[in-house]
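One file, target.cif, is given below (mmCIF, C-alpha atoms).
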data_protein
loop_
_atom_site.label_atom_id
_atom_site.label_comp_id
_atom_site.auth_asym_id
_atom_site.auth_seq_id
_atom_site.Cartn_x
_atom_site.Cartn_y
_atom_site.Cartn_z
CA MET A 497 -206.76 -60.72 33.52
CA PHE A 498 -204.16 -63.36 32.68
CA THR A 499 -201.21 -63.76 30.31
CA GLY A 500 -201.48 -67.37 29.17
CA ILE A 501 -198.23 -68.34 30.90
CA VAL A 502 -199.08 -71.41 33.01
CA GLU A 503 -197.51 -71.32 36.47
CA GLU A 504 -198.02 -74.96 37.42
CA THR A 505 -200.21 -77.97 36.83
CA GLY A 506 -202.63 -78.95 39.57
CA THR A 507 -204.48 -82.18 40.26
CA ILE A 508 -208.24 -82.55 40.69
CA GLN A 509 -208.82 -83.83 44.23
CA ALA A 510 -212.62 -83.80 44.27
CA ILE A 511 -215.56 -82.93 42.03
CA LYS A 512 -218.94 -82.15 43.55
CA LYS A 513 -221.79 -81.88 41.05
CA THR A 514 -225.05 -80.17 41.96
CA GLY A 515 -227.50 -80.17 39.09
CA LEU A 516 -225.74 -78.50 36.18
CA SER A 517 -223.10 -76.78 38.32
CA MET A 518 -220.03 -78.18 40.05
CA ALA A 519 -217.36 -77.42 42.65
CA LEU A 520 -213.75 -78.43 42.06
CA THR A 521 -211.08 -79.00 44.69
CA ILE A 522 -207.62 -78.75 43.16
CA ALA A 523 -204.27 -79.68 44.71
CA ALA A 524 -201.56 -77.10 44.00
CA SER A 525 -198.58 -75.46 45.68
CA LYS A 526 -197.43 -72.35 43.80
CA VAL A 527 -200.80 -70.68 43.13
CA THR A 528 -201.85 -71.24 46.76
CA SER A 529 -198.77 -69.50 48.19
CA ASP A 530 -200.55 -66.13 48.44
CA VAL A 531 -204.16 -67.05 47.65
CA LYS A 532 -207.12 -65.26 49.24
CA LEU A 533 -210.86 -65.85 49.14
CA GLY A 534 -212.32 -64.27 46.02
CA ASP A 535 -209.06 -64.45 44.03
CA SER A 536 -209.21 -65.42 40.37
CA ILE A 537 -207.30 -68.45 39.12
CA ALA A 538 -207.39 -69.69 35.54
CA VAL A 539 -208.06 -73.45 35.42
CA ASN A 540 -207.40 -74.78 31.90
CA GLY A 541 -207.90 -71.21 30.71
CA ILE A 542 -211.16 -70.63 32.60
CA CYS A 543 -211.27 -67.77 35.10
CA LEU A 544 -212.71 -69.20 38.33
CA THR A 545 -213.15 -67.67 41.78
CA VAL A 546 -211.52 -69.19 44.85
CA THR A 547 -214.20 -70.11 47.43
CA GLY A 548 -211.96 -72.00 49.85
CA PHE A 549 -208.29 -72.91 50.25
CA SER A 550 -205.53 -74.41 52.39
CA ASP A 551 -201.75 -74.52 52.00
CA ASN A 552 -201.88 -77.16 49.28
CA GLN A 553 -205.31 -76.96 47.65
CA PHE A 554 -208.14 -74.62 46.70
CA THR A 555 -211.81 -74.88 45.77
CA VAL A 556 -213.73 -73.12 42.99
CA ASP A 557 -217.39 -73.09 41.95
CA VAL A 558 -218.34 -73.59 38.30
CA MET A 559 -221.59 -72.17 36.92
CA PRO A 560 -223.83 -74.20 34.56
CA GLU A 561 -222.99 -71.99 31.56
CA THR A 562 -219.26 -72.52 32.16
CA VAL A 563 -219.74 -76.29 32.44
CA LYS A 564 -221.68 -76.25 29.18
CA ALA A 565 -219.22 -74.10 27.23
CA THR A 566 -215.93 -75.71 28.32
CA SER A 567 -214.22 -79.07 28.75
CA LEU A 568 -214.53 -79.09 32.55
CA ASN A 569 -217.28 -81.71 32.44
CA GLY A 570 -214.70 -84.17 31.14
CA LEU A 571 -212.52 -83.91 34.24
CA SER A 572 -212.33 -86.63 36.87
CA LYS A 573 -210.47 -87.16 40.13
CA GLY A 574 -206.76 -87.23 39.36
CA SER A 575 -207.02 -85.15 36.17
CA LYS A 576 -204.23 -82.62 35.63
CA VAL A 577 -205.13 -78.98 34.95
CA ASN A 578 -203.19 -75.87 33.92
CA LEU A 579 -203.17 -73.12 36.57
CA GLU A 580 -202.36 -69.41 36.43
CA ARG A 581 -203.03 -66.68 38.98
CA ALA A 582 -204.41 -63.35 37.82
CA MET A 583 -201.72 -61.06 36.44
CA SER A 584 -199.99 -58.81 38.96
CA ALA A 585 -199.32 -55.17 38.09
CA ASN A 586 -195.57 -55.52 38.71
CA GLY A 587 -195.06 -58.76 36.77
CA ARG A 588 -193.62 -59.38 33.31
CA PHE A 589 -196.13 -59.72 30.50
CA GLY A 590 -194.89 -62.89 28.82
CA GLY A 591 -197.94 -63.97 26.79
CA HIS A 592 -200.89 -61.90 25.58
CA PHE A 593 -204.10 -60.42 27.00
CA VAL A 594 -206.18 -63.36 28.26
CA SER A 595 -209.53 -62.78 29.97
CA GLY A 596 -210.17 -66.34 31.11
CA HIS A 597 -213.56 -66.28 29.34
CA VAL A 598 -213.52 -69.33 27.09
CA ASP A 599 -215.11 -68.86 23.66
CA GLY A 600 -215.58 -72.55 22.98
CA THR A 601 -213.79 -75.86 22.63
CA ALA A 602 -211.73 -77.52 19.90
CA GLU A 603 -210.74 -81.07 19.02
CA ILE A 604 -207.10 -82.01 18.42
CA THR A 605 -207.04 -83.65 14.98
CA ARG A 606 -203.27 -83.95 14.37
CA ILE A 607 -200.12 -84.10 16.49
CA GLU A 608 -196.82 -84.07 14.59
CA LYS A 609 -193.30 -83.63 15.91
CA LYS A 610 -191.15 -81.29 13.82
CA SER A 611 -187.54 -80.80 14.92
CA ASN A 612 -187.66 -79.28 18.42
CA ALA A 613 -191.40 -78.53 18.33
CA VAL A 614 -194.72 -80.35 18.16
CA TYR A 615 -197.47 -79.17 15.81
CA TYR A 616 -201.09 -79.49 16.86
CA ASP A 617 -204.07 -79.09 14.50
CA LEU A 618 -207.19 -77.87 16.31
CA LYS A 619 -210.65 -78.14 14.76
CA LEU A 620 -212.72 -75.06 15.70
CA SER A 621 -216.06 -73.62 14.76
CA PRO A 622 -215.84 -71.11 11.88
CA GLU A 623 -217.54 -68.66 14.26
CA LEU A 624 -214.28 -68.67 16.23
CA THR A 625 -211.73 -68.80 13.42
CA LYS A 626 -213.16 -65.70 11.74
CA THR A 627 -211.76 -63.58 14.59
CA LEU A 628 -208.24 -65.06 14.27
CA VAL A 629 -205.25 -64.10 12.14
CA LEU A 630 -202.12 -65.93 11.01
CA LYS A 631 -199.23 -65.31 13.44
CA GLY A 632 -201.76 -63.96 15.92
CA SER A 633 -202.40 -65.27 19.43
CA ILE A 634 -204.75 -67.94 20.73
CA THR A 635 -205.21 -69.47 24.18
CA VAL A 636 -205.42 -73.27 24.35
CA ASP A 637 -206.30 -74.71 27.78
CA GLY A 638 -204.90 -71.51 29.26
CA VAL A 639 -201.65 -71.56 27.27
CA SER A 640 -200.75 -68.54 25.11
CA LEU A 641 -199.71 -69.81 21.67
CA THR A 642 -199.00 -68.39 18.21
CA ILE A 643 -201.09 -69.41 15.18
CA PHE A 644 -198.90 -70.95 12.45
CA GLY A 645 -201.68 -72.25 10.21
CA LEU A 646 -205.25 -71.08 9.73
CA SER A 647 -208.26 -72.15 7.67
CA ASP A 648 -212.03 -71.94 8.15
CA GLU A 649 -212.03 -74.79 10.68
CA ILE A 650 -208.40 -75.71 11.46
CA VAL A 651 -205.88 -73.78 13.53
CA THR A 652 -202.29 -75.03 13.76
CA VAL A 653 -200.11 -74.16 16.74
CA SER A 654 -196.52 -75.09 17.51
CA VAL A 655 -195.55 -76.05 21.06
CA ILE A 656 -191.96 -76.22 22.33
CA PRO A 657 -190.76 -79.06 24.61
CA HIS A 658 -190.62 -76.81 27.70
CA THR A 659 -194.28 -75.84 27.33
CA ILE A 660 -195.27 -79.47 26.82
CA SER A 661 -193.40 -80.60 29.93
CA GLU A 662 -194.77 -77.77 32.12
CA THR A 663 -198.43 -78.04 31.05
CA ILE A 664 -201.09 -80.66 30.41
CA PHE A 665 -200.15 -80.73 26.72
CA GLN A 666 -198.14 -83.83 27.63
CA THR A 667 -201.44 -85.64 28.34
CA LYS A 668 -203.16 -84.67 25.08
CA THR A 669 -203.78 -87.06 22.20
CA VAL A 670 -205.63 -86.90 18.88
CA GLY A 671 -209.30 -86.58 19.76
CA SER A 672 -208.70 -84.65 22.99
CA THR A 673 -210.90 -81.62 23.68
CA VAL A 674 -209.29 -78.31 24.64
CA ASN A 675 -210.65 -74.93 25.74
CA ILE A 676 -210.19 -72.05 23.32
CA GLU A 677 -210.09 -68.32 23.96
CA CYS A 678 -209.61 -66.23 20.83
CA ASP A 679 -207.46 -63.11 20.94
CA MET A 680 -209.31 -60.40 22.85
CA ILE A 681 -208.18 -57.55 20.60
CA GLY A 682 -209.15 -59.49 17.49
CA LYS A 683 -212.64 -60.15 18.85
CA TYR A 684 -213.23 -56.47 19.65
CA LEU A 685 -211.98 -55.38 16.22
CA TYR A 686 -214.14 -57.94 14.42
CA ARG A 687 -217.21 -56.88 16.41
CA PHE A 688 -216.56 -53.18 15.80
CA LEU A 689 -216.01 -53.58 12.06
CA HIS A 690 -218.99 -55.93 11.68
CA LYS A 691 -221.32 -53.52 13.50
CA THR A 692 -219.97 -50.60 11.46
CA GLU A 693 -220.71 -52.45 8.21
CA GLN A 694 -224.23 -53.28 9.42
CA THR A 695 -224.85 -49.65 10.35
CA LYS A 696 -223.68 -48.45 6.94
CA SER A 697 -225.88 -51.03 5.22
CA ASN A 698 -228.92 -49.98 7.25
CA GLN A 699 -228.31 -46.33 6.37
CA THR A 700 -228.19 -46.91 2.61
CA ILE A 701 -230.71 -44.71 0.80
CA THR A 702 -232.70 -46.74 -1.71
CA GLU A 703 -235.65 -46.01 -3.98
CA ALA A 704 -237.89 -48.00 -1.62
CA PHE A 705 -236.65 -45.96 1.36
CA LEU A 706 -237.42 -42.68 -0.46
CA SER A 707 -240.86 -43.91 -1.48
CA GLU A 708 -241.72 -45.04 2.06
CA ASN A 709 -240.74 -41.62 3.38
CA GLY A 710 -242.80 -39.56 0.93
CA PHE A 711 -240.22 -38.69 -1.70
#
Step by step, read the file and then write its structure as structure tokens.
Amino acid sequence: MFTGIVEETGTIQAIKKTGLSMALTIAASKVTSDVKLGDSIAVNGICLTVTGFSDNQFTVDVMPETVKATSLNGLSKGSKVNLERAMSANGRFGGHFVSGHVDGTAEITRIEKKSNAVYYDLKLSPELTKTLVLKGSITVDGVSLTIFGLSDEIVTVSVIPHTISETIFQTKTVGSTVNIECDMIGKYLYRFLHKTEQTKSNQTITEAFLSENGF
């Protein structure tokens, strides 16, 4: 479990591809200060397991499904990535509930500076936007952000200068691909209500149902 508050940006040191999977070696300092084998670290919002580490770097394995569903395949040696360790029980909860299970990717279609903030338009699949709400939360490349605009395919988020300077948002341009995780609570509520509606629909007594059952 994560909060969407990025702790530092790391640098890709090596990428080893084996078939459809890959292993990433990432240079970092803060997240490696207390790392152990098997720990979870969010890399651009993706929960990955530490398989090796030293004082200034760590290695993670990436499964084929994760490669397919995220932007990791676009990384190269020297790429910057957002990093966050799993939430500790005694820490402050600064963002929102983030699982590190990416729902899909989005394309940045607009970047516009407004006063002390920068607005980003993100083009998403309608399958993702239907679980979102205006002023709700969304995770973009591991960063917890608030939704300020919402349509069937476009989500607008506002990013303050501090977040831009402390994350890989400073490297993003129009056309860049970002990882998206929709709000966990919203997804569960949508699923529950959708299944409830289906169940009610299936239980509707019709003339055909009565006839088929001997009435």
Output the residue selection produced by the PyMOL selection byres ((chain A and resi 619) around 6) on the file above, formatted as a PDB file with C-alpha atoms, keeping the file's coordinate frame.
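Result file follows (expr_21.pdb):
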ATOM      1  CA  ALA A 602    -211.730 -77.520  19.900  1.00  0.00           C
ATOM      2  CA  GLU A 603    -210.740 -81.070  19.020  1.00  0.00           C
ATOM      3  CA  LEU A 618    -207.190 -77.870  16.310  1.00  0.00           C
ATOM      4  CA  LEU A 620    -212.720 -75.060  15.700  1.00  0.00           C
ATOM      5  CA  GLU A 649    -212.030 -74.790  10.680  1.00  0.00           C
ATOM      6  CA  ILE A 650    -208.400 -75.710  11.460  1.00  0.00           C
TER       7      ILE A 650
END
Do you know which residues are at most 8 Å from Asp637 in chain A counting all atoms listed in the file, after dropping those on the same chain fewer than 6 positions away, and could you put them as a list in words?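 These residues fall inside the cut-off: Val539, Asn540, Gly541, Ile542, Asn578, Val674, Asn675 and Ile676 of chain A.
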Using the chain letters and numbers from the file, which residues does the PyMOL selection byres ((chain A and resi 648) around 10) grab, as a PyMOL selection string? chain A and resi 619-626+628+646-647+649-651
Tell me which residues the PyMOL selection byres ((chain A and resi 519-523) around 7) grabs here, as a list in words. Gly506, Thr507, Ile508, Gln509, Ala510, Ile511, Lys512, Lys513, Met518, Ala524, Asn552, Gln553, Phe554, Thr555, Val556, Asp557 and Val558 of chain A
Box dimensions and centre (Å, one decimal) enclosing range 568-585 of chain A, axis-aligned, 3 Å extra per side, as AutoDock Vina command-line options:
--center_x -208.3 --center_y -71.2 --center_z 35.6 --size_x 24.0 --size_y 38.1 --size_z 15.0
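A straight line drawn from CA of Phe644 in chain A to CA of Thr667 in chain A is 21.8 Å long.
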Using only C-alpha atoms, pick whichever of A:Ser550, A:Thr627, A:Thr673, A:Ser595 has the shortest atom-to-atom distance to Ser640 in chain A.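 Of A:Ser550, A:Thr627, A:Thr673, A:Ser595, the one nearest Ser640 in chain A, counting only C-alpha atoms, is A:Ser595.
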Would you mind listing what lies within 12 Å of Lys564 in chain A as a compact mmCIF listing (two decimals) with C-alpha atoms, in the frame of the given file, with all atoms listed in the file counted and same-chain residues fewer than 2 positions away left out?
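Output file around_37.txt is given in full below:
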# COMPACT_ATOMS: atom_id res chain seq x y z
CA LEU A 516 -225.74 -78.50 36.18
CA SER A 517 -223.10 -76.78 38.32
CA MET A 518 -220.03 -78.18 40.05
CA VAL A 558 -218.34 -73.59 38.30
CA MET A 559 -221.59 -72.17 36.92
CA PRO A 560 -223.83 -74.20 34.56
CA GLU A 561 -222.99 -71.99 31.56
CA THR A 562 -219.26 -72.52 32.16
CA THR A 566 -215.93 -75.71 28.32
CA SER A 567 -214.22 -79.07 28.75
CA LEU A 568 -214.53 -79.09 32.55
CA ASN A 569 -217.28 -81.71 32.44
CA GLY A 570 -214.70 -84.17 31.14
CA VAL A 598 -213.52 -69.33 27.09
CA ASP A 599 -215.11 -68.86 23.66
CA GLY A 600 -215.58 -72.55 22.98
CA THR A 601 -213.79 -75.86 22.63
CA ASN A 675 -210.65 -74.93 25.74
Please compute the CA of Thr669 in chain A-CA of Val502 in chain A distance, one decimal, in Å. 19.6 Å
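Distances here use only C-alpha atoms; by that measure, the residue among A:Cys543, A:Lys609, A:Val629, A:Val594 closest to Tyr686 in chain A is A:Val629.
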Because some atoms of range 502-513 of chain A are absent here, can you restore all heavy atoms and send them as a PDB file, keeping the file's coordinate frame?
ATOM      1  N   VAL A 502    -198.667 -70.498  31.926  1.00  0.00           N
ATOM      2  CA  VAL A 502    -199.080 -71.410  33.010  1.00  0.00           C
ATOM      3  C   VAL A 502    -198.009 -71.449  34.092  1.00  0.00           C
ATOM      4  O   VAL A 502    -196.814 -71.595  33.814  1.00  0.00           O
ATOM      5  CB  VAL A 502    -199.322 -72.823  32.438  1.00  0.00           C
ATOM      6  CG1 VAL A 502    -199.542 -73.833  33.555  1.00  0.00           C
ATOM      7  CG2 VAL A 502    -200.514 -72.799  31.497  1.00  0.00           C
ATOM      8  N   GLU A 503    -198.449 -71.325  35.347  1.00  0.00           N
ATOM      9  CA  GLU A 503    -197.510 -71.320  36.470  1.00  0.00           C
ATOM     10  C   GLU A 503    -197.223 -72.718  37.002  1.00  0.00           C
ATOM     11  O   GLU A 503    -196.105 -73.003  37.443  1.00  0.00           O
ATOM     12  CB  GLU A 503    -198.067 -70.464  37.605  1.00  0.00           C
ATOM     13  CG  GLU A 503    -198.206 -68.995  37.261  1.00  0.00           C
ATOM     14  CD  GLU A 503    -198.624 -68.182  38.451  1.00  0.00           C
ATOM     15  OE1 GLU A 503    -197.745 -67.722  39.208  1.00  0.00           O
ATOM     16  OE2 GLU A 503    -199.843 -68.023  38.652  1.00  0.00           O
ATOM     17  N   GLU A 504    -198.213 -73.573  36.976  1.00  0.00           N
ATOM     18  CA  GLU A 504    -198.020 -74.960  37.420  1.00  0.00           C
ATOM     19  C   GLU A 504    -199.223 -75.781  36.973  1.00  0.00           C
ATOM     20  O   GLU A 504    -200.251 -75.242  36.560  1.00  0.00           O
ATOM     21  CB  GLU A 504    -197.872 -75.043  38.948  1.00  0.00           C
ATOM     22  CG  GLU A 504    -199.129 -74.689  39.717  1.00  0.00           C
ATOM     23  CD  GLU A 504    -199.007 -74.967  41.212  1.00  0.00           C
ATOM     24  OE1 GLU A 504    -198.454 -76.022  41.588  1.00  0.00           O
ATOM     25  OE2 GLU A 504    -199.462 -74.109  41.993  1.00  0.00           O
ATOM     26  N   THR A 505    -199.074 -77.093  37.058  1.00  0.00           N
ATOM     27  CA  THR A 505    -200.210 -77.970  36.830  1.00  0.00           C
ATOM     28  C   THR A 505    -200.710 -78.474  38.182  1.00  0.00           C
ATOM     29  O   THR A 505    -199.917 -78.822  39.057  1.00  0.00           O
ATOM     30  CB  THR A 505    -199.846 -79.180  35.944  1.00  0.00           C
ATOM     31  OG1 THR A 505    -198.760 -79.895  36.520  1.00  0.00           O
ATOM     32  CG2 THR A 505    -199.469 -78.719  34.549  1.00  0.00           C
ATOM     33  N   GLY A 506    -202.019 -78.456  38.343  1.00  0.00           N
ATOM     34  CA  GLY A 506    -202.630 -78.950  39.570  1.00  0.00           C
ATOM     35  C   GLY A 506    -203.310 -80.283  39.303  1.00  0.00           C
ATOM     36  O   GLY A 506    -203.392 -80.742  38.154  1.00  0.00           O
ATOM     37  N   THR A 507    -203.813 -80.886  40.363  1.00  0.00           N
ATOM     38  CA  THR A 507    -204.480 -82.180  40.260  1.00  0.00           C
ATOM     39  C   THR A 507    -205.869 -82.089  40.888  1.00  0.00           C
ATOM     40  O   THR A 507    -206.017 -81.586  42.006  1.00  0.00           O
ATOM     41  CB  THR A 507    -203.688 -83.280  40.981  1.00  0.00           C
ATOM     42  OG1 THR A 507    -202.351 -83.325  40.467  1.00  0.00           O
ATOM     43  CG2 THR A 507    -204.335 -84.640  40.791  1.00  0.00           C
ATOM     44  N   ILE A 508    -206.876 -82.548  40.160  1.00  0.00           N
ATOM     45  CA  ILE A 508    -208.240 -82.550  40.690  1.00  0.00           C
ATOM     46  C   ILE A 508    -208.323 -83.528  41.859  1.00  0.00           C
ATOM     47  O   ILE A 508    -208.061 -84.722  41.708  1.00  0.00           O
ATOM     48  CB  ILE A 508    -209.261 -82.939  39.603  1.00  0.00           C
ATOM     49  CG1 ILE A 508    -209.221 -81.947  38.437  1.00  0.00           C
ATOM     50  CG2 ILE A 508    -210.678 -83.004  40.204  1.00  0.00           C
ATOM     51  CD1 ILE A 508    -209.648 -80.551  38.772  1.00  0.00           C
ATOM     52  N   GLN A 509    -208.681 -83.002  43.030  1.00  0.00           N
ATOM     53  CA  GLN A 509    -208.820 -83.830  44.230  1.00  0.00           C
ATOM     54  C   GLN A 509    -210.252 -84.302  44.430  1.00  0.00           C
ATOM     55  O   GLN A 509    -210.478 -85.404  44.925  1.00  0.00           O
ATOM     56  CB  GLN A 509    -208.380 -83.032  45.461  1.00  0.00           C
ATOM     57  CG  GLN A 509    -206.903 -82.654  45.481  1.00  0.00           C
ATOM     58  CD  GLN A 509    -206.024 -83.860  45.714  1.00  0.00           C
ATOM     59  OE1 GLN A 509    -205.641 -84.542  44.767  1.00  0.00           O
ATOM     60  NE2 GLN A 509    -205.716 -84.160  46.948  1.00  0.00           N
ATOM     61  N   ALA A 510    -211.211 -83.443  44.078  1.00  0.00           N
ATOM     62  CA  ALA A 510    -212.620 -83.800  44.270  1.00  0.00           C
ATOM     63  C   ALA A 510    -213.473 -82.991  43.307  1.00  0.00           C
ATOM     64  O   ALA A 510    -213.141 -81.855  42.964  1.00  0.00           O
ATOM     65  CB  ALA A 510    -213.052 -83.542  45.702  1.00  0.00           C
ATOM     66  N   ILE A 511    -214.571 -83.599  42.863  1.00  0.00           N
ATOM     67  CA  ILE A 511    -215.560 -82.930  42.030  1.00  0.00           C
ATOM     68  C   ILE A 511    -216.932 -83.161  42.653  1.00  0.00           C
ATOM     69  O   ILE A 511    -217.345 -84.298  42.865  1.00  0.00           O
ATOM     70  CB  ILE A 511    -215.570 -83.489  40.589  1.00  0.00           C
ATOM     71  CG1 ILE A 511    -214.202 -83.286  39.928  1.00  0.00           C
ATOM     72  CG2 ILE A 511    -216.664 -82.815  39.758  1.00  0.00           C
ATOM     73  CD1 ILE A 511    -214.103 -83.904  38.549  1.00  0.00           C
ATOM     74  N   LYS A 512    -217.605 -82.065  42.977  1.00  0.00           N
ATOM     75  CA  LYS A 512    -218.940 -82.150  43.550  1.00  0.00           C
ATOM     76  C   LYS A 512    -219.922 -81.539  42.570  1.00  0.00           C
ATOM     77  O   LYS A 512    -219.870 -80.343  42.295  1.00  0.00           O
ATOM     78  CB  LYS A 512    -219.010 -81.425  44.887  1.00  0.00           C
ATOM     79  CG  LYS A 512    -220.384 -81.492  45.557  1.00  0.00           C
ATOM     80  CD  LYS A 512    -220.393 -80.728  46.868  1.00  0.00           C
ATOM     81  CE  LYS A 512    -221.790 -80.779  47.511  1.00  0.00           C
ATOM     82  NZ  LYS A 512    -221.823 -80.021  48.792  1.00  0.00           N
ATOM     83  N   LYS A 513    -220.819 -82.362  42.017  1.00  0.00           N
ATOM     84  CA  LYS A 513    -221.790 -81.880  41.050  1.00  0.00           C
ATOM     85  C   LYS A 513    -223.137 -81.671  41.727  1.00  0.00           C
ATOM     86  O   LYS A 513    -223.625 -82.526  42.467  1.00  0.00           O
ATOM     87  CB  LYS A 513    -221.926 -82.867  39.894  1.00  0.00           C
ATOM     88  CG  LYS A 513    -220.664 -82.990  39.050  1.00  0.00           C
ATOM     89  CD  LYS A 513    -220.886 -83.851  37.825  1.00  0.00           C
ATOM     90  CE  LYS A 513    -219.627 -83.903  36.968  1.00  0.00           C
ATOM     91  NZ  LYS A 513    -219.814 -84.714  35.737  1.00  0.00           N
TER      92      LYS A 513
END
